[in-house]
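Structure file run-v4.cif (mmCIF, C-alpha atoms and all ligand atoms) follows.
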```
data_model
#
loop_
_atom_site.label_atom_id
_atom_site.label_comp_id
_atom_site.auth_asym_id
_atom_site.auth_seq_id
_atom_site.Cartn_x
_atom_site.Cartn_y
_atom_site.Cartn_z
CA MET A 280 19.66 35.34 51.77
CA GLU A 281 18.95 31.91 50.36
CA GLU A 282 18.17 31.23 46.70
CA ALA A 283 16.73 28.39 44.68
CA VAL A 284 16.73 28.43 40.92
CA SER A 285 14.57 26.14 38.91
CA GLY A 286 15.64 25.73 35.31
CA PRO A 287 13.62 25.69 32.12
CA GLU A 288 10.78 23.28 31.97
CA PRO A 289 10.38 21.06 28.89
CA ALA A 290 9.06 23.11 25.94
CA ARG A 291 5.45 24.04 26.61
CA THR A 292 2.68 23.97 24.09
CA ASP A 293 -0.89 25.17 23.99
CA PRO A 294 -3.80 22.72 23.67
CA ALA A 295 -3.38 22.84 19.85
CA GLY A 296 0.28 21.86 20.15
CA ARG A 297 1.66 25.29 19.19
CA PRO A 298 4.62 26.55 21.22
CA ARG A 299 3.39 28.64 24.17
CA GLY A 300 5.04 31.44 26.14
CA GLY A 301 6.86 34.66 25.35
CA HIS A 302 10.54 35.29 24.99
CA GLY A 303 11.74 31.75 25.27
CA ALA A 304 9.08 30.36 22.98
CA GLY A 305 10.41 32.09 19.92
CA GLY A 306 7.24 34.05 19.12
CA ALA A 307 5.66 37.41 19.80
CA GLY A 308 4.23 36.12 23.13
CA PRO A 309 3.03 38.25 26.04
CA VAL A 310 5.54 40.62 27.59
CA LEU A 311 6.36 39.61 31.13
CA ASP A 312 6.28 42.23 33.83
CA ALA A 313 6.34 42.32 37.61
CA ALA A 314 2.64 43.29 37.86
CA THR A 315 1.59 40.15 35.95
CA ILE A 316 3.75 38.00 38.24
CA ARG A 317 2.27 39.65 41.35
CA GLN A 318 -1.19 38.97 40.01
CA ALA A 319 -0.28 35.31 39.57
CA LEU A 320 1.06 35.23 43.13
CA ALA A 321 -2.13 36.73 44.59
CA GLY A 322 -3.60 33.25 45.05
CA VAL A 323 -0.64 31.86 47.03
CA GLN A 324 -1.62 31.60 50.70
CA ASP A 325 0.41 31.41 53.86
CA PRO A 326 -1.15 28.20 55.24
CA GLU A 327 -0.68 29.27 58.87
CA LEU A 328 -1.90 32.83 58.57
CA GLY A 329 -4.77 32.00 56.21
CA ALA A 330 -4.17 34.98 53.91
CA GLY A 331 -2.33 35.64 50.63
CA LEU A 332 1.41 36.34 50.54
CA VAL A 333 0.86 39.48 48.44
CA GLU A 334 -1.86 40.79 50.78
CA LEU A 335 0.35 40.03 53.80
CA GLY A 336 3.23 42.05 52.32
CA MET A 337 5.47 38.97 52.14
CA ILE A 338 6.30 39.36 48.44
CA ARG A 339 9.00 41.91 48.83
CA GLU A 340 10.42 41.99 45.33
CA VAL A 341 9.62 40.66 41.88
CA ALA A 342 12.28 41.06 39.19
CA VAL A 343 11.79 40.03 35.57
CA GLU A 344 14.61 39.65 33.10
CA GLY A 345 13.56 38.21 29.80
CA SER A 346 11.92 34.91 30.66
CA SER A 347 13.57 34.68 34.11
CA VAL A 348 11.69 35.71 37.20
CA THR A 349 13.13 36.28 40.66
CA VAL A 350 10.79 36.55 43.63
CA GLU A 351 11.85 37.52 47.13
CA VAL A 352 9.60 36.19 49.86
CA ALA A 353 10.02 37.86 53.26
CA LEU A 354 9.38 35.38 56.08
CA THR A 355 8.02 36.12 59.55
CA MET A 356 10.91 34.32 61.26
CA GLN A 357 14.30 32.86 60.57
CA GLY A 358 14.19 29.15 59.77
CA CYS A 359 10.44 29.24 59.09
CA PRO A 360 9.34 25.59 58.74
CA LEU A 361 7.01 26.54 55.87
CA ARG A 362 9.74 27.75 53.52
CA THR A 363 9.84 24.54 51.42
CA ARG A 364 6.09 24.65 50.96
CA LEU A 365 6.10 28.40 50.20
CA ARG A 366 8.90 27.97 47.66
CA ALA A 367 6.99 25.21 45.84
CA ASP A 368 3.74 27.22 45.85
CA VAL A 369 5.41 30.44 44.63
CA GLU A 370 7.28 28.57 41.90
CA ALA A 371 4.15 26.77 40.72
CA ALA A 372 2.15 30.02 40.58
CA VAL A 373 4.86 31.89 38.64
CA ARG A 374 5.24 29.00 36.19
CA GLN A 375 1.57 29.37 35.29
CA VAL A 376 2.37 32.70 33.64
CA PRO A 377 2.96 32.24 29.91
CA GLY A 378 6.53 33.06 28.92
CA VAL A 379 8.20 32.19 32.21
CA GLU A 380 11.09 29.78 31.81
CA GLN A 381 13.18 30.19 34.93
CA VAL A 382 12.07 30.95 38.47
CA THR A 383 14.33 31.95 41.35
CA VAL A 384 12.89 32.15 44.84
CA ARG A 385 14.85 34.07 47.46
CA PHE A 386 14.00 34.33 51.14
CA GLY A 387 14.40 37.37 53.35
CA LEU A 388 13.02 38.38 56.75
CA LEU A 389 10.26 40.87 57.58
CA ASP A 390 11.38 43.72 59.81
CA ALA A 391 9.45 44.60 62.99
CA GLU A 392 7.24 47.18 61.27
CA GLU A 393 6.40 44.80 58.39
CA ARG A 394 5.65 42.02 60.89
CA ARG A 395 3.24 44.27 62.77
CA ALA A 396 1.45 45.17 59.53
CA LEU A 397 1.28 41.48 58.60
CA MET A 398 -0.25 40.54 61.95
CA ALA A 399 -2.84 43.30 61.60
CA THR A 400 -3.85 41.92 58.18
CA ALA A 401 -3.96 38.33 59.48
CA ARG A 402 -6.08 39.50 62.45
CA ARG A 403 -8.49 41.32 60.15
CA ARG A 404 -8.88 38.22 58.01
CA ALA A 405 -9.46 36.03 61.07
CA GLN A 406 -12.16 38.46 62.23
CA GLU A 407 -13.87 38.32 58.86
CA ARG A 408 -13.97 34.53 59.09
CA ALA A 409 -14.99 34.32 62.76
CA PRO A 410 -18.45 32.92 63.48
CA ALA A 411 -21.13 35.27 64.77
CA THR A 412 -21.53 35.56 68.54
CA SER A 413 -24.13 37.34 70.67
CA LEU A 414 -21.51 39.84 71.82
CA PRO A 415 -21.96 43.30 70.27
CA ALA A 416 -19.35 43.86 67.56
CA ARG A 417 -18.17 47.08 69.23
CA ALA A 418 -17.49 45.33 72.57
CA ARG A 419 -13.87 45.05 73.59
CA VAL A 420 -12.69 41.63 74.76
CA LEU A 421 -9.93 41.11 77.32
CA LEU A 422 -8.77 37.51 77.52
CA VAL A 423 -6.97 36.90 80.80
CA THR A 424 -4.60 33.95 80.42
CA SER A 425 -1.69 32.29 82.16
CA GLY A 426 0.64 29.45 81.33
CA LYS A 427 -0.18 27.51 84.51
CA GLY A 428 -2.69 27.48 87.34
CA GLY A 429 -2.34 29.18 90.69
CA VAL A 430 -0.69 32.44 89.55
CA GLY A 431 -3.79 34.46 90.46
CA LYS A 432 -5.32 34.74 86.99
CA SER A 433 -8.93 34.49 88.22
CA SER A 434 -8.31 36.97 91.05
CA VAL A 435 -6.79 39.43 88.56
CA ALA A 436 -9.64 38.88 86.05
CA VAL A 437 -12.51 39.54 88.50
CA ASN A 438 -10.80 42.53 90.09
CA LEU A 439 -10.02 44.11 86.72
CA ALA A 440 -13.58 43.49 85.53
CA ALA A 441 -14.90 45.25 88.65
CA ALA A 442 -12.47 48.16 88.26
CA LEU A 443 -13.47 48.62 84.61
CA ALA A 444 -17.23 48.62 85.32
CA ARG A 445 -18.61 52.13 85.73
CA PRO A 446 -21.72 54.04 84.71
CA GLY A 447 -21.94 53.95 80.93
CA GLN A 448 -19.52 51.01 80.69
CA VAL A 449 -21.27 47.68 81.26
CA VAL A 450 -18.73 44.90 81.80
CA GLY A 451 -19.39 41.22 81.12
CA LEU A 452 -17.37 38.60 82.95
CA LEU A 453 -17.18 35.14 81.42
CA ASP A 454 -15.67 32.45 83.59
CA ALA A 455 -14.36 30.16 80.86
CA ASP A 456 -12.36 28.12 83.33
CA ILE A 457 -14.94 25.38 83.02
CA TRP A 458 -13.22 22.72 85.09
CA GLY A 459 -11.78 25.00 87.69
CA PHE A 460 -14.33 27.82 87.88
CA SER A 461 -13.81 30.16 90.80
CA VAL A 462 -15.51 33.38 89.71
CA PRO A 463 -18.77 32.82 91.67
CA ARG A 464 -16.80 32.28 94.89
CA LEU A 465 -14.52 35.26 94.27
CA LEU A 466 -17.59 37.46 93.76
CA GLY A 467 -19.61 35.89 96.59
CA MET A 468 -22.35 34.85 94.13
CA ASP A 469 -24.47 31.72 93.96
CA GLY A 470 -27.70 30.69 92.29
CA ARG A 471 -28.48 29.53 88.77
CA LEU A 472 -28.48 31.01 85.27
CA GLU A 473 -31.95 31.57 83.84
CA ALA A 474 -33.24 31.89 80.30
CA ALA A 475 -35.51 34.62 78.96
CA GLY A 476 -36.42 35.45 75.38
CA GLY A 477 -34.62 32.34 74.13
CA LYS A 478 -31.29 33.46 75.61
CA ILE A 479 -29.38 32.66 78.80
CA GLN A 480 -29.36 35.75 81.00
CA PRO A 481 -26.08 36.63 82.71
CA ARG A 482 -26.33 37.16 86.47
CA ARG A 483 -26.08 40.83 87.37
CA LEU A 484 -23.93 42.19 90.19
CA ALA A 485 -23.54 45.80 91.29
CA VAL A 486 -19.87 46.65 91.96
CA GLY A 487 -18.96 50.16 93.12
CA ASP A 488 -21.00 52.42 90.87
CA GLY A 489 -20.91 49.97 87.94
CA GLU A 490 -22.48 46.67 86.98
CA LEU A 491 -21.04 43.28 86.11
CA ARG A 492 -22.91 40.66 84.04
CA VAL A 493 -21.48 37.30 84.98
CA VAL A 494 -21.64 33.84 83.40
CA SER A 495 -19.89 30.83 84.88
CA MET A 496 -20.14 27.08 84.73
CA GLY A 497 -20.51 27.46 88.50
CA PHE A 498 -24.06 28.75 87.89
CA LEU A 499 -24.89 25.58 85.93
CA ALA A 500 -23.14 22.66 87.55
CA GLU A 501 -21.73 21.53 90.84
CA GLU A 502 -17.93 21.49 90.98
CA ASP A 503 -17.74 17.68 90.89
CA THR A 504 -19.96 17.28 87.78
CA ALA A 505 -18.07 19.97 85.83
CA VAL A 506 -14.93 17.85 86.13
CA LEU A 507 -16.59 15.14 84.04
CA TRP A 508 -16.70 17.35 80.93
CA ARG A 509 -14.20 16.50 78.24
CA GLY A 510 -12.42 18.38 75.43
CA LEU A 511 -15.08 18.45 72.75
CA LYS A 512 -17.84 19.34 75.17
CA LEU A 513 -15.66 22.01 76.74
CA SER A 514 -15.15 23.94 73.52
CA ARG A 515 -18.86 23.46 72.76
CA ALA A 516 -19.71 24.93 76.18
CA VAL A 517 -17.57 27.97 75.44
CA GLN A 518 -19.24 28.38 72.06
CA GLN A 519 -22.63 28.22 73.76
CA PHE A 520 -21.56 30.84 76.30
CA LEU A 521 -20.74 33.15 73.42
CA GLU A 522 -23.72 32.37 71.16
CA ASP A 523 -26.61 31.70 73.52
CA VAL A 524 -25.99 34.21 76.30
CA ALA A 525 -27.68 37.62 76.09
CA TRP A 526 -24.50 39.75 76.04
CA ASP A 527 -26.29 42.68 74.41
CA GLY A 528 -25.56 45.98 76.10
CA VAL A 529 -22.10 44.81 77.17
CA ASP A 530 -19.31 47.27 76.29
CA LEU A 531 -16.41 45.15 77.44
CA LEU A 532 -16.10 41.43 78.13
CA VAL A 533 -13.43 40.11 80.49
CA ILE A 534 -12.80 36.39 80.04
CA ASP A 535 -11.13 34.29 82.70
CA ALA A 536 -9.58 31.63 80.45
CA PRO A 537 -8.38 28.30 81.83
CA PRO A 538 -4.61 28.10 82.27
CA GLY A 539 -2.44 26.76 79.44
CA THR A 540 -3.14 26.25 75.77
CA GLY A 541 -5.85 23.57 75.73
CA ASP A 542 -9.18 23.24 73.91
CA VAL A 543 -10.90 26.15 75.60
CA PRO A 544 -8.28 28.84 74.95
CA MET A 545 -8.08 27.58 71.33
CA ALA A 546 -11.87 27.79 70.96
CA LEU A 547 -11.89 31.29 72.47
CA ALA A 548 -9.16 32.45 70.09
CA ARG A 549 -11.11 31.08 67.12
CA LEU A 550 -14.47 32.51 68.21
CA LEU A 551 -13.20 35.91 69.33
CA PRO A 552 -10.18 36.88 67.22
CA ARG A 553 -10.67 40.49 68.34
CA SER A 554 -9.55 39.48 71.86
CA GLU A 555 -6.70 41.35 73.49
CA VAL A 556 -4.64 38.93 75.56
CA LEU A 557 -3.40 39.74 79.04
CA VAL A 558 -0.78 37.31 80.31
CA VAL A 559 -0.66 36.88 84.08
CA THR A 560 2.56 35.58 85.55
CA THR A 561 4.38 35.47 88.89
CA PRO A 562 7.99 36.58 89.32
CA PRO A 563 9.80 33.19 89.13
CA LEU A 564 11.32 32.16 85.82
CA ALA A 565 9.42 28.86 85.56
CA ALA A 566 6.06 30.63 85.68
CA GLN A 567 7.35 33.06 83.09
CA GLN A 568 8.27 30.30 80.68
CA VAL A 569 4.82 28.75 80.79
CA ALA A 570 3.19 32.15 80.50
CA ALA A 571 5.24 32.70 77.35
CA ARG A 572 3.55 29.60 75.90
CA ALA A 573 0.15 31.19 76.47
CA ALA A 574 1.39 34.28 74.66
CA ASP A 575 2.58 32.05 71.82
CA LEU A 576 -0.94 30.64 71.45
CA ALA A 577 -2.18 34.20 71.13
CA ARG A 578 0.35 34.97 68.44
CA ARG A 579 -0.53 31.88 66.43
CA HIS A 580 -4.17 32.95 66.42
CA HIS A 581 -3.20 36.54 65.54
CA LEU A 582 -4.58 37.89 68.81
CA ARG A 583 -3.00 41.06 70.10
CA VAL A 584 -1.09 40.59 73.34
CA SER A 585 -1.82 43.81 75.23
CA GLY A 586 0.62 43.21 78.01
CA VAL A 587 1.88 41.25 80.97
CA ILE A 588 0.57 41.51 84.53
CA GLU A 589 2.92 40.33 87.25
CA ASN A 590 1.04 39.02 90.28
CA MET A 591 2.29 38.25 93.81
CA ALA A 592 5.18 40.57 93.02
CA GLY A 593 6.26 41.25 96.60
CA PHE A 594 4.81 41.75 100.04
CA VAL A 595 4.46 45.36 101.18
CA CYS A 596 4.60 45.56 105.00
CA GLU A 597 2.77 48.13 107.11
CA HIS A 598 5.87 50.39 107.04
CA GLY A 599 5.84 50.47 103.25
CA SER A 600 8.89 48.21 102.67
CA SER A 601 8.53 45.61 99.90
CA TYR A 602 9.80 42.04 100.27
CA PRO A 603 10.12 40.00 97.06
CA LEU A 604 8.66 36.73 98.39
CA PHE A 605 8.80 34.93 95.03
CA GLY A 606 11.72 36.69 93.35
CA GLU A 607 11.84 39.82 91.24
CA GLY A 608 11.73 41.03 87.66
CA GLY A 609 9.92 38.07 86.05
CA GLY A 610 7.11 40.19 84.66
CA GLU A 611 9.54 42.69 83.17
CA ARG A 612 11.60 39.94 81.55
CA LEU A 613 8.53 38.27 80.06
CA ALA A 614 7.20 41.59 78.76
CA ASP A 615 10.58 42.34 77.17
CA ALA A 616 10.74 38.90 75.60
CA LEU A 617 7.26 39.34 74.13
CA GLY A 618 7.84 42.94 73.07
CA VAL A 619 4.76 44.11 75.00
CA PRO A 620 4.36 46.44 78.01
CA LEU A 621 4.39 45.30 81.61
CA LEU A 622 0.99 46.69 82.58
CA GLY A 623 1.72 46.52 86.28
CA SER A 624 2.86 44.47 89.25
CA VAL A 625 0.28 43.41 91.82
CA PRO A 626 1.89 42.83 95.24
CA PHE A 627 1.18 39.83 97.41
CA ASP A 628 -1.64 41.14 99.58
CA PRO A 629 -3.69 39.13 102.08
CA ALA A 630 -6.68 41.28 101.04
CA VAL A 631 -6.76 39.33 97.76
CA ALA A 632 -6.67 35.90 99.39
CA VAL A 633 -8.95 36.61 102.35
CA GLY A 634 -11.28 38.80 100.28
CA GLY A 635 -11.46 36.14 97.58
CA ASP A 636 -12.79 33.60 100.05
CA ARG A 637 -15.41 36.06 101.30
CA GLY A 638 -16.46 37.41 97.92
CA GLU A 639 -14.88 40.80 98.68
CA LEU A 640 -12.97 42.49 95.89
CA ALA A 641 -9.49 43.81 96.73
CA VAL A 642 -9.82 46.40 93.97
CA LEU A 643 -12.61 48.14 95.87
CA GLY A 644 -10.52 48.31 99.05
CA PRO A 645 -7.58 50.42 100.25
CA GLY A 646 -4.75 47.79 100.15
CA PRO A 647 -1.65 47.81 97.91
CA ALA A 648 -3.01 45.11 95.53
CA GLY A 649 -6.21 47.12 95.10
CA SER A 650 -4.39 50.27 94.05
CA ALA A 651 -2.09 48.31 91.67
CA LEU A 652 -5.13 46.68 90.05
CA ARG A 653 -6.90 50.04 89.71
CA ALA A 654 -3.80 51.47 87.99
CA ILE A 655 -3.72 48.52 85.56
CA ALA A 656 -7.42 49.00 84.78
CA GLU A 657 -6.73 52.68 84.09
CA ARG A 658 -3.96 51.77 81.65
CA LEU A 659 -6.20 49.30 79.88
CA ARG A 660 -8.98 51.86 79.64
CA ASP A 661 -6.60 54.36 78.03
CA ASP A 662 -5.02 51.90 75.58
CA PRO A 663 -5.02 53.86 72.29
CA GLN A 664 -4.61 50.77 70.09
CA ALA A 665 -7.72 49.18 71.59
CA ALA A 666 -9.70 52.38 71.14
CA GLU A 667 -8.61 52.54 67.52
CA ALA A 668 -9.62 48.92 66.85
CA ALA A 669 -12.99 49.42 68.54
CA SER A 670 -13.69 52.62 66.67
CA CYS A 671 -13.00 51.20 63.22
CA ALA A 672 -14.04 47.58 62.88
CA GLY A 673 -16.52 47.37 65.74
CA ARG A 674 -18.49 50.55 65.08
CA LEU A 675 -18.73 49.77 61.41
CA LEU A 676 -20.01 46.26 62.15
CA ASP A 677 -22.48 47.59 64.71
CA ALA A 678 -23.80 50.08 62.18
CA VAL A 679 -24.22 47.25 59.66
CA GLU A 680 -25.94 45.05 62.28
CA ARG A 681 -28.34 47.86 63.21
CA ALA A 682 -29.10 48.52 59.55
CA VAL A 683 -29.76 44.82 58.88
CA ALA A 684 -31.99 44.56 61.98
CA GLY A 685 -33.87 47.67 60.78
CA VAL A 686 -34.45 46.13 57.36
CA ALA A 687 -35.58 42.84 58.94
CA ARG A 688 -38.13 44.72 61.09
CA GLY A 689 -39.36 46.42 57.94
N1 LIG B 701 -1.86 39.25 94.79
C1 LIG B 701 -2.22 38.25 95.60
N2 LIG B 701 -1.93 38.30 96.91
C2 LIG B 701 -2.29 37.27 97.73
N3 LIG B 701 -2.93 36.18 97.34
C3 LIG B 701 -3.24 36.07 96.03
C4 LIG B 701 -2.90 37.10 95.10
N4 LIG B 701 -3.36 36.72 93.88
C5 LIG B 701 -3.95 35.52 94.05
N5 LIG B 701 -3.87 35.13 95.33
C6 LIG B 701 -4.37 33.86 95.92
O1 LIG B 701 -3.72 32.80 95.20
C7 LIG B 701 -4.61 31.71 95.03
C8 LIG B 701 -4.73 31.39 93.54
O2 LIG B 701 -5.38 32.48 92.91
P1 LIG B 701 -6.38 32.27 91.68
O3 LIG B 701 -7.38 31.22 91.97
O4 LIG B 701 -6.84 33.61 91.30
O5 LIG B 701 -5.32 31.71 90.64
P2 LIG B 701 -5.54 31.12 89.19
O6 LIG B 701 -4.30 31.41 88.46
O7 LIG B 701 -6.82 31.59 88.62
O8 LIG B 701 -5.62 29.60 89.50
P3 LIG B 701 -6.46 28.49 88.74
O9 LIG B 701 -6.19 28.65 87.32
O10 LIG B 701 -5.93 27.23 89.35
O11 LIG B 701 -7.90 28.79 89.09
C9 LIG B 701 -5.94 32.12 95.64
O12 LIG B 701 -5.99 31.62 96.95
C10 LIG B 701 -5.85 33.65 95.68
O13 LIG B 701 -6.61 34.22 96.71
#
```

Please go through the file and, once you have read it, give me the structure as structure tokens.
Amino acid sequence: MEEAVSGPEPARTDPAGRPRGGHGAGGAGPVLDAATIRQALAGVQDPELGAGLVELGMIREVAVEGSSVTVEVALTMQGCPLRTRLRADVEAAVRQVPGVEQVTVRFGLLDAEERRALMATARRRAQERAPATSLPARARVLLVTSGKGGVGKSSVAVNLAAALARPGQVVGLLDADIWGFSVPRLLGMDGRLEAAGGKIQPRRLAVGDGELRVVSMGFLAEEDTAVLWRGLKLSRAVQQFLEDVAWDGVDLLVIDAPPGTGDVPMALARLLPRSEVLVVTTPPLAAQQVAARAADLARRHHLRVSGVIENMAGFVCEHGSSYPLFGEGGGERLADALGVPLLGSVPFDPAVAVGGDRGELAVLGPGPAGSALRAIAERLRDDPQAAEAASCAGRLLDAVERAVAGVARG
């Protein structure tokens, strides 16, 4: 544990010049206690997490001895680059309390349970600050990401969306891969988006016994014009897809995010902090390392990483033997490193590639990739943490929205 002591400041006086402070000021000043110090610390924010240190559970201990105060700040990670700033802010806040003459700031480390609680608080705060979108507050959001292109992220996203759609569960599919959109081709859809009632209407597609509502840049622009869009416009396009599209009635939105950690994933994280991130990777280590970067983006924006999906995990021949074409174990290693579950491994299956070019979904067919994708969808459907989040925050917000709409209608 590291300590820093700052000694007495020059004698302090009140605006009338009388000595100020308690024990050290030689008068019957206010009695210092830990509760007063905590109150003074309530305004100190973690600049990265955007919430107060007290609220985040980072003020582990406050000890007062006479006019000396010791504060222990528990950090999220060893060697946190913000420690100098946090020390200065904590010291300054404690010095504001009359009677304090000496401040010691110690640093400790949050344990796994404390870190989880901190992330939940930071996520809640981010959700409170997030701008309004047209997506119902109760709708779950699955953000399908990868560290680099070509790992099968879009194929996984559309197949999962189709597997999750069923009667009573309307699934939206947002192709946020604005430069490299492929969702219309993978679903065998063409045509244009149309507006009605002042909102852009998603295109509807029946899949199995469910329905998908799909929005893609591919329904707005030709592939060669989309490439001309640049950073600022890209994040604006994503914002528009979330504000101006009629997503009402959607219970779950699957987003095919562009690979990496550029403008669009950042905008999505800011606009939809309730998103659960799915990281798609392939078995080789290099793909894993870049996928870990995508997961890091999620962490920095307080999004919950729900798990890792390993794609192209091996080729299963007609006799049932599996051949690891691209290596083995990458998904498991990444999941371990991130402390999240490996949701499943999708084998290399020509049904995905051939079907993708014909707009046929592997998840609706009998092949090995289809059954792996159905199993992953089942796990996602049963995720208790997601159900808990949806039941608390979302339902409450929906109830408030309905009440406000009722009042507005008179
Ligand atoms: N499990 C699989 N088995 C066989 N082929 C697959 C599998 N998953 C994806 N593919 C094929 O790999 C290629 C890349 O897939 P896809 O476009 O889904 O990747 P991506 O990660 O979304 O790439 P990008 O970000 O560049 O769009 C496609 O031709 C697709 O059909």

* Asked: Looking at only C-alpha atoms, which of A:Gln357, A:Ser600, A:Gln318, A:Glu380 is the one that sits closest to Glu344 in chain A?
  -> A:Glu380

Using all atoms listed in the file, tabulate the residues of chain A lying at most 8 Å from any atom of ligand LIG 701 (chain B), each with its closest atom pair and that distance in Å to one decimal, by chain and increasing residue number, as CSV.
```
residue,atom,partner,partner_atom,distance
A:Ser425,CA,B:LIG701,O6,6.9
A:Lys427,CA,B:LIG701,O9,6.7
A:Gly428,CA,B:LIG701,O9,3.7
A:Gly429,CA,B:LIG701,O8,3.5
A:Val430,CA,B:LIG701,O6,3.9
A:Gly431,CA,B:LIG701,O5,3.2
A:Lys432,CA,B:LIG701,O6,3.8
A:Ser433,CA,B:LIG701,O7,3.6
A:Ser434,CA,B:LIG701,O4,3.7
A:Val435,CA,B:LIG701,O4,6.4
A:Ala436,CA,B:LIG701,O4,7.9
A:Asp456,CA,B:LIG701,O11,7.3
A:Gly459,CA,B:LIG701,O11,5.6
A:Phe460,CA,B:LIG701,O11,6.6
A:Ser461,CA,B:LIG701,O11,6.3
A:Asp535,CA,B:LIG701,O7,7.8
A:Pro537,CA,B:LIG701,O9,5.9
A:Pro538,CA,B:LIG701,O9,5.3
A:Val559,CA,B:LIG701,O6,7.9
A:Asn590,CA,B:LIG701,N1,5.4
A:Met591,CA,B:LIG701,N1,4.4
A:Ala592,CA,B:LIG701,N1,7.4
A:Val625,CA,B:LIG701,N1,5.5
A:Pro626,CA,B:LIG701,N1,5.2
A:Phe627,CA,B:LIG701,N2,3.5
A:Asp628,CA,B:LIG701,N2,3.9
A:Pro629,CA,B:LIG701,C2,4.9
A:Ala630,CA,B:LIG701,C2,6.8
A:Val631,CA,B:LIG701,C2,4.9
A:Ala632,CA,B:LIG701,O13,3.2
A:Val633,CA,B:LIG701,O13,6.6
A:Gly634,CA,B:LIG701,O13,7.5
A:Gly635,CA,B:LIG701,O13,5.3
A:Asp636,CA,B:LIG701,O13,7.1
A:Ala648,CA,B:LIG701,N1,6.0
```

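The closest residue to Pro552 in chain A, picked from A:Leu643, A:Val595, A:Leu652, A:Ala405 and counting all atoms listed in the file, is A:Ala405.
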
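Put simply, CA of Val382 in chain A is 9.5 Å away from CA of Val343 in chain A.
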
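Of the listed residues A:Pro563, A:Gly541, A:Pro446, A:Gly497, the one whose atoms come nearest to Leu466 in chain A is A:Gly497, with distances taken using only C-alpha atoms.
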
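For the pair CA of Val348 in chain A and CA of Arg317 in chain A, the interatomic distance is 11.0 Å.
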
* Structure fact -> With distances taken over all atoms listed in the file, the candidate from A:Gly358, A:Pro410, A:Gln480, A:Asp469 nearest Gln518 in chain A is A:Pro410

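Nearest to Leu547 in chain A of all the residues A:Glu490, A:Glu611, A:Asp454, A:Glu597 is A:Asp454, counting all atoms listed in the file.
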
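Closest approach to Arg471 in chain A among A:Phe498, A:Gln448, A:Leu622, A:Gln519: A:Phe498, based on all atoms listed in the file.
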
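CA of Val486 in chain A lies 16.5 Å from CA of Glu657 in chain A.
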
* Can you pull out every residue within 12 Å of Val323 in chain A, counting only C-alpha atoms, but drop anything in the same chain fewer than 4 positions away, and send it as a PyMOL selection string? => chain A and resi 316-319+328-335+337-338+352+364-373
